[in-house]
>>> print(open('protein-v6.txt').read())   # compact mmCIF, C-alpha atoms
# COMPACT_ATOMS: atom_id res chain seq x y z
CA MET A 206 2.22 150.44 -107.84
CA GLU A 207 2.74 146.75 -107.33
CA TYR A 208 3.23 144.96 -104.04
CA THR A 209 4.55 141.64 -102.85
CA VAL A 210 2.73 139.74 -100.10
CA GLN A 211 5.05 141.24 -97.50
CA THR A 212 4.77 144.86 -98.65
CA LEU A 213 0.99 144.66 -99.10
CA GLY A 214 0.64 143.10 -95.65
CA GLN A 215 2.67 145.95 -94.13
CA LEU A 216 0.61 148.51 -96.03
CA ALA A 217 -2.73 147.04 -94.91
CA GLY A 218 -1.64 146.11 -91.39
CA ILE A 219 -2.37 142.40 -91.80
CA SER A 220 -0.16 139.33 -91.80
CA THR A 221 1.29 137.67 -94.88
CA ARG A 222 -0.33 134.47 -93.63
CA THR A 223 -3.75 136.12 -93.92
CA LEU A 224 -3.05 137.24 -97.49
CA ARG A 225 -1.91 133.74 -98.45
CA TYR A 226 -5.08 132.31 -96.92
CA TYR A 227 -7.22 134.79 -98.87
CA ASP A 228 -5.45 133.53 -102.00
CA GLU A 229 -6.07 129.87 -101.08
CA ILE A 230 -9.81 130.34 -100.63
CA GLY A 231 -10.13 132.49 -103.76
CA LEU A 232 -11.07 135.66 -101.91
CA LEU A 233 -8.07 137.73 -103.03
CA LYS A 234 -5.90 136.38 -105.82
CA PRO A 235 -2.66 138.14 -106.79
CA ALA A 236 -2.50 139.86 -110.15
CA ARG A 237 0.34 137.58 -111.17
CA ILE A 238 3.19 135.40 -109.96
CA ASN A 239 6.62 136.77 -110.93
CA SER A 240 9.59 134.76 -112.20
CA SER A 241 10.84 134.28 -108.64
CA GLY A 242 7.52 132.76 -107.57
CA TYR A 243 6.36 135.78 -105.55
CA ARG A 244 2.73 136.86 -105.50
CA ILE A 245 2.36 140.33 -107.00
CA TYR A 246 -0.64 142.57 -106.25
CA GLY A 247 -1.75 145.62 -108.24
CA ALA A 248 -4.26 148.46 -107.84
CA THR A 249 -7.28 146.20 -108.45
CA GLU A 250 -6.21 143.82 -105.71
CA VAL A 251 -5.48 146.68 -103.31
CA ASN A 252 -9.00 148.04 -103.83
CA ARG A 253 -10.48 144.57 -103.33
CA LEU A 254 -8.48 144.12 -100.12
CA GLN A 255 -9.82 147.44 -98.88
CA GLN A 256 -13.38 146.18 -99.43
CA ILE A 257 -12.56 142.90 -97.65
CA LEU A 258 -11.15 144.71 -94.62
CA PHE A 259 -14.17 147.02 -94.46
CA TYR A 260 -16.50 144.02 -94.37
CA ARG A 261 -14.32 142.26 -91.79
CA GLU A 262 -14.51 145.36 -89.60
CA LEU A 263 -18.29 144.89 -89.69
CA ASP A 264 -17.87 141.20 -88.67
CA VAL A 265 -19.03 139.82 -92.02
CA SER A 266 -17.87 136.22 -92.58
CA LEU A 267 -15.30 135.46 -95.29
CA ASP A 268 -17.75 133.24 -97.18
CA THR A 269 -20.30 136.07 -97.26
CA ILE A 270 -17.65 138.60 -98.33
CA LYS A 271 -16.60 136.34 -101.18
CA ALA A 272 -20.21 135.95 -102.31
CA ILE A 273 -20.72 139.72 -102.22
CA LEU A 274 -17.54 140.62 -104.09
CA THR A 275 -18.03 137.99 -106.79
CA SER A 276 -21.67 138.88 -107.39
CA PRO A 277 -22.33 140.28 -110.90
CA THR A 278 -24.28 143.13 -109.29
CA PHE A 279 -21.44 144.21 -106.97
CA ASP A 280 -20.58 147.89 -107.31
CA GLY A 281 -17.49 149.21 -105.51
CA THR A 282 -18.70 152.79 -105.12
CA THR A 283 -22.08 151.72 -103.72
CA ALA A 284 -20.33 149.33 -101.34
CA LEU A 285 -18.07 152.13 -100.05
CA LYS A 286 -21.10 154.33 -99.38
CA GLN A 287 -22.72 151.48 -97.47
CA HIS A 288 -19.51 150.94 -95.50
CA ARG A 289 -19.52 154.61 -94.59
CA GLU A 290 -23.11 154.43 -93.28
CA LYS A 291 -22.34 151.34 -91.19
CA LEU A 292 -19.15 152.86 -89.79
CA LEU A 293 -21.02 156.05 -88.86
CA GLU A 294 -23.58 153.92 -87.01
CA LYS A 295 -20.73 152.10 -85.26
CA ARG A 296 -19.08 155.40 -84.35
CA ALA A 297 -22.34 156.70 -82.85
CA GLN A 298 -22.61 153.54 -80.79
CA LEU A 299 -19.00 153.84 -79.61
CA ASP A 300 -19.45 157.54 -78.83
CA ALA A 301 -22.44 156.70 -76.64
CA LEU A 302 -20.45 154.05 -74.79
CA ILE A 303 -17.44 156.36 -74.39
CA ASN A 304 -19.70 159.06 -73.00
CA ASN A 305 -21.13 156.49 -70.60
CA VAL A 306 -17.62 155.47 -69.44
CA ASP A 307 -16.54 159.12 -69.07
CA LYS A 308 -19.50 159.85 -66.82
CA SER A 309 -18.80 156.71 -64.79
CA ILE A 310 -15.17 157.76 -64.31
CA GLU A 311 -16.26 161.23 -63.30
CA HIS A 312 -18.77 159.76 -60.89
CA THR A 313 -16.10 157.52 -59.33
CA GLU A 314 -13.27 160.04 -59.14
CA ARG A 315 -15.16 163.22 -58.36
CA LYS A 316 -18.28 161.82 -56.74
CA ALA A 317 -20.31 163.57 -59.43
CA ASN A 318 -24.01 162.79 -59.63
CA MET A 319 -24.92 160.22 -62.26
CA THR A 320 -28.44 158.95 -62.64
CA ASP A 321 -29.28 155.30 -63.25
CA LYS A 322 -30.66 156.37 -66.61
CA GLU A 323 -27.29 157.86 -67.61
CA LYS A 324 -25.44 154.71 -66.52
CA PHE A 325 -27.45 152.58 -68.93
CA GLU A 326 -27.70 155.11 -71.76
CA GLY A 327 -24.79 153.66 -73.73
CA PHE A 328 -26.02 150.08 -73.41
CA LYS A 329 -29.53 151.01 -74.51
CA GLN A 330 -28.16 152.89 -77.49
CA LYS A 331 -26.11 149.84 -78.42
CA LEU A 332 -29.27 147.71 -78.32
CA ILE A 333 -31.07 150.17 -80.60
CA ASP A 334 -28.15 150.40 -83.04
CA GLU A 335 -27.77 146.63 -83.28
CA ASN A 336 -31.49 146.15 -83.93
CA GLU A 337 -31.45 148.91 -86.54
CA GLU A 338 -28.49 147.33 -88.32
CA LYS A 339 -29.95 143.81 -88.34
CA TYR A 340 -33.69 144.36 -88.72
CA GLY A 341 -34.40 148.08 -89.19
CA LYS A 342 -35.34 147.99 -92.87
CA GLU A 343 -37.70 145.01 -92.57
CA ILE A 344 -39.41 146.24 -89.40
CA ARG A 345 -39.97 149.72 -90.85
CA LYS A 346 -41.47 148.19 -93.97
CA LYS A 347 -43.81 146.00 -91.92
CA TYR A 348 -44.80 148.35 -89.08
CA GLY A 349 -43.96 151.84 -90.35
CA GLU A 350 -41.51 154.57 -89.43
CA ASN A 351 -43.54 155.95 -86.54
CA ALA A 352 -43.89 152.59 -84.82
CA VAL A 353 -40.14 151.92 -84.97
CA SER A 354 -39.21 155.43 -83.80
CA SER A 355 -41.68 155.12 -80.94
CA SER A 356 -40.20 151.77 -79.95
CA ASN A 357 -36.67 153.21 -79.96
CA ALA A 358 -37.85 156.07 -77.77
CA LYS A 359 -39.30 153.59 -75.25
CA VAL A 360 -35.95 151.80 -75.07
CA LYS A 361 -34.09 155.07 -74.51
CA ASN A 362 -36.44 155.96 -71.66
CA MET A 363 -36.21 152.59 -69.90
CA THR A 364 -35.22 152.73 -66.25
CA LYS A 365 -32.61 150.44 -64.75
CA GLU A 366 -35.38 148.28 -63.31
CA GLN A 367 -37.24 148.06 -66.63
CA TYR A 368 -34.05 147.16 -68.48
CA ALA A 369 -33.39 144.37 -65.97
CA GLU A 370 -36.97 143.13 -66.33
CA VAL A 371 -36.62 142.94 -70.12
CA GLN A 372 -33.48 140.84 -69.74
CA LYS A 373 -35.22 138.58 -67.21
CA LEU A 374 -38.28 138.10 -69.44
CA GLU A 375 -36.12 137.04 -72.37
CA GLU A 376 -34.31 134.49 -70.18
CA GLN A 377 -37.65 133.14 -68.94
CA LEU A 378 -38.93 132.95 -72.51
CA PHE A 379 -35.96 130.86 -73.64
CA THR A 380 -36.09 128.62 -70.55
CA ASN A 381 -39.79 127.85 -71.01
CA LEU A 382 -39.45 127.45 -74.76
CA LYS A 383 -36.66 124.91 -74.38
CA ALA A 384 -38.61 122.94 -71.78
CA ALA A 385 -41.85 123.14 -73.80
CA MET A 386 -40.23 121.68 -76.91
CA LYS A 387 -39.58 118.44 -75.07
CA SER A 388 -43.33 117.89 -74.89
CA GLY A 389 -43.81 118.84 -78.53
CA ASP A 390 -47.12 120.53 -77.70
CA PRO A 391 -47.36 124.27 -78.54
CA ALA A 392 -50.71 124.35 -76.70
CA GLY A 393 -49.15 123.00 -73.50
CA GLU A 394 -48.74 125.00 -70.31
CA LEU A 395 -45.01 125.66 -70.75
CA ALA A 396 -45.41 126.67 -74.39
CA GLN A 397 -48.25 129.04 -73.57
CA LYS A 398 -46.20 130.51 -70.74
CA ALA A 399 -43.39 131.13 -73.21
CA ALA A 400 -45.85 132.92 -75.51
CA ASP A 401 -47.01 135.04 -72.56
CA TYR A 402 -43.43 135.95 -71.68
CA HIS A 403 -42.95 136.96 -75.29
CA LYS A 404 -46.00 139.23 -75.10
CA GLN A 405 -44.75 140.84 -71.88
CA TRP A 406 -41.35 141.34 -73.50
CA LEU A 407 -42.93 142.98 -76.56
CA CYS A 408 -44.91 145.40 -74.39
CA PHE A 409 -41.67 146.98 -73.24
CA TYR A 410 -41.02 147.96 -76.87
CA TRP A 411 -44.49 148.53 -78.32
CA ASP A 412 -46.74 151.46 -77.47
CA GLN A 413 -49.81 149.34 -78.11
CA TYR A 414 -50.10 145.56 -78.19
CA SER A 415 -52.40 143.78 -80.62
CA LYS A 416 -52.95 140.09 -81.27
CA GLU A 417 -52.68 140.62 -85.02
CA ALA A 418 -49.30 142.36 -84.73
CA HIS A 419 -48.05 139.65 -82.37
CA ALA A 420 -49.00 136.93 -84.85
CA GLY A 421 -47.46 138.90 -87.72
CA LEU A 422 -44.18 139.24 -85.86
CA ALA A 423 -44.11 135.52 -85.12
CA GLU A 424 -44.59 134.78 -88.83
CA MET A 425 -41.73 137.15 -89.66
CA TYR A 426 -39.50 135.24 -87.23
CA VAL A 427 -40.11 132.08 -89.27
CA ALA A 428 -39.75 133.80 -92.65
CA ASP A 429 -36.52 135.66 -91.84
CA GLU A 430 -33.48 133.43 -91.34
CA ARG A 431 -31.83 135.95 -89.00
CA PHE A 432 -34.74 135.77 -86.54
CA THR A 433 -34.92 132.01 -87.03
CA ALA A 434 -31.25 131.66 -86.13
CA TYR A 435 -31.78 133.74 -83.00
CA TYR A 436 -34.59 131.59 -81.61
CA ASP A 437 -33.36 128.28 -83.01
CA LYS A 438 -30.25 128.58 -80.85
CA VAL A 439 -32.54 127.26 -78.08
CA HIS A 440 -33.19 124.12 -80.14
CA PRO A 441 -33.62 123.43 -83.88
CA GLY A 442 -37.21 124.24 -84.81
CA ALA A 443 -37.77 126.51 -81.79
CA THR A 444 -38.84 129.46 -83.97
CA LYS A 445 -41.68 127.57 -85.63
CA PHE A 446 -42.68 126.06 -82.30
CA LEU A 447 -42.84 129.54 -80.74
CA ARG A 448 -44.87 130.80 -83.72
CA ASP A 449 -47.36 127.97 -83.27
CA ALA A 450 -47.57 128.63 -79.52
CA ILE A 451 -48.24 132.35 -80.14
CA VAL A 452 -50.96 131.58 -82.70
CA ILE A 453 -52.71 129.44 -80.09
CA TYR A 454 -52.06 132.00 -77.34
CA ILE A 455 -53.76 134.89 -79.13
CA LYS A 456 -56.99 133.01 -79.91
>>> encode(input="protein-v6.txt", output="C-alpha cells")
Amino acid sequence: MEYTVQTLGQLAGISTRTLRYYDEIGLLKPARINSSGYRIYGATEVNRLQQILFYRELDVSLDTIKAILTSPTFDGTTALKQHREKLLEKRAQLDALINNVDKSIEHTERKANMTDKEKFEGFKQKLIDENEEKYGKEIRKKYGENAVSSSNAKVKNMTKEQYAEVQKLEEQLFTNLKAAMKSGDPAGELAQKAADYHKQWLCFYWDQYSKEAHAGLAEMYVADERFTAYYDKVHPGATKFLRDAIVIYIK
C-alpha cells in the first residue's frame, strides 16, 4: 500500500508536521512526490518509520537514529531484536514501579503493612535497569559477571537509610568536585575529599574495595564518553580532574 503524509500520520499516530520534519532533515524521505505535489510513502518507508519510532521510544536522538539507519552495517531484523530486548527491560522496570505503586495504594487505603524495603523496591530496580542499559556490557567485560551481579544484589538489598546515604554521597561528591576545580589542584583538600566521597559511594555497590579497581574505574570514566558526560556536567574537564584526584588519593 501507499500512503500520503496524512494517512501515514494517522496510521502511525504521529503528526503530519513530524513527518514533514523527518523529510526535511533527511531521516524519512517519501518514496516519491505525485503529480499533485503530495508526498507518497511505500512499504520501505513504513518499515523505516517503525524503526524510527522504536528508537524514539527509547529516547534516542534524531541525529543518532539517522546515523544508525544510514549506516552500511544496519540490519533491520537485528535492530528489531534489539528493540525487543530494550522494550522487555523497560517493561520489567515499569512492572516493578507499578507493583510499588499498587502496594503503596494498598497501604494507604487498607492500612496494609508495607516495609521500607518494599517502598523503594521499584526505584532501586529502575537504578539497576538504567545502569544495565547504559553501562552493563562494558562493566561486565571489565569486572566480570559475578562482580556485576553481586553489585546489583547489594542495590536490591539497600535499606531506605542506605539509599538516602548513597544519594547524599553523590551530592557531596559533585559539590566538592565543583569547588575543587576552582583551585585546579587535584591533590588539594577539596579534591581529595571528593575522591574519598567517591570511594564511600563505591563501597555501597562493591563487595570489596581495592585501590587498583578504583583507579581502573576512574580511567574508564575518562575513556568512555557517557561517563565523561555524566561527570563533566559539573564543569568541563571534571572527569579528568576527578581521575587525577583519585590517582593521588589511592597512593
>>> residues_around(input="protein-v6.txt", residues="Leu224 of chain A", least_positions_apart="2", cutoff="12 Å", atoms="all atoms listed in the file", output="number ranges by chain")
A: 208-222, 226-235, 244-246, 250-251, 253-254, 257-258
>>> residues_near_point(input="protein-v6.txt", point="(-53.2, 139.7, -85.1)", cutoff="12 Å", atoms="all atoms listed in the file", output="compact mmCIF listing (two decimals) with C-alpha atoms, in the frame of the given file")
# COMPACT_ATOMS: atom_id res chain seq x y z
CA TYR A 414 -50.10 145.56 -78.19
CA SER A 415 -52.40 143.78 -80.62
CA LYS A 416 -52.95 140.09 -81.27
CA GLU A 417 -52.68 140.62 -85.02
CA ALA A 418 -49.30 142.36 -84.73
CA HIS A 419 -48.05 139.65 -82.37
CA ALA A 420 -49.00 136.93 -84.85
CA GLY A 421 -47.46 138.90 -87.72
CA LEU A 422 -44.18 139.24 -85.86
CA ALA A 423 -44.11 135.52 -85.12
CA GLU A 424 -44.59 134.78 -88.83
CA ILE A 451 -48.24 132.35 -80.14
CA VAL A 452 -50.96 131.58 -82.70
CA ILE A 453 -52.71 129.44 -80.09
CA TYR A 454 -52.06 132.00 -77.34
CA ILE A 455 -53.76 134.89 -79.13
CA LYS A 456 -56.99 133.01 -79.91
>>> atom_distance(input="protein-v6.txt", atom1="atom CA of Phe259 of chain A", atom2="atom CA of Ala284 of chain A")
9.5 Å
>>> residues_around(input="protein-v6.txt", residues="Asp401 of chain A", least_positions_apart="4", cutoff="10 Å", atoms="only C-alpha atoms", output="PyMOL selection string")
chain A and resi 374+378+395-397+405-407+450-451+454-455
>>> residues_around(input="protein-v6.txt", residues="Gln256 of chain A", least_positions_apart="5", cutoff="12 Å", atoms="only C-alpha atoms", output="list of chain:residue names")
A:Ala217, A:Leu232, A:Leu233, A:Thr249, A:Glu250, A:Val251, A:Arg261, A:Glu262, A:Leu263, A:Val265, A:Leu267, A:Ile270, A:Lys271, A:Ile273, A:Leu274, A:Thr275, A:Phe279, A:Asp280, A:Gly281, A:Thr282, A:Thr283, A:Ala284, A:Leu285, A:Lys286, A:Gln287, A:His288, A:Arg289
>>> residues_around(input="protein-v6.txt", residues="segment 292-299 of chain A", least_positions_apart="2", cutoff="7 Å", atoms="all atoms listed in the file", output="ChimeraX atom specification")
/A:288-290,301-303,330-331,334
>>> atom_distance(input="protein-v6.txt", atom1="atom CA of Glu376 of chain A", atom2="atom CA of Val353 of chain A")
23.6 Å
>>> atom_distance(input="protein-v6.txt", atom1="atom CA of Ala384 of chain A", atom2="atom CA of Gln372 of chain A")
18.7 Å
>>> closest_residue(input="protein-v6.txt", among="A:Trp411, A:Tyr435, A:Lys387, A:Val360", to="Glu375 of chain A", atoms="all atoms listed in the file")
A:Tyr435
>>> residues_around(input="protein-v6.txt", residues="Gly389 of chain A", least_positions_apart="4", cutoff="12 Å", atoms="only C-alpha atoms", output="number ranges by chain")
A: 382-385, 393-396, 440, 442-443, 445-447, 449-450
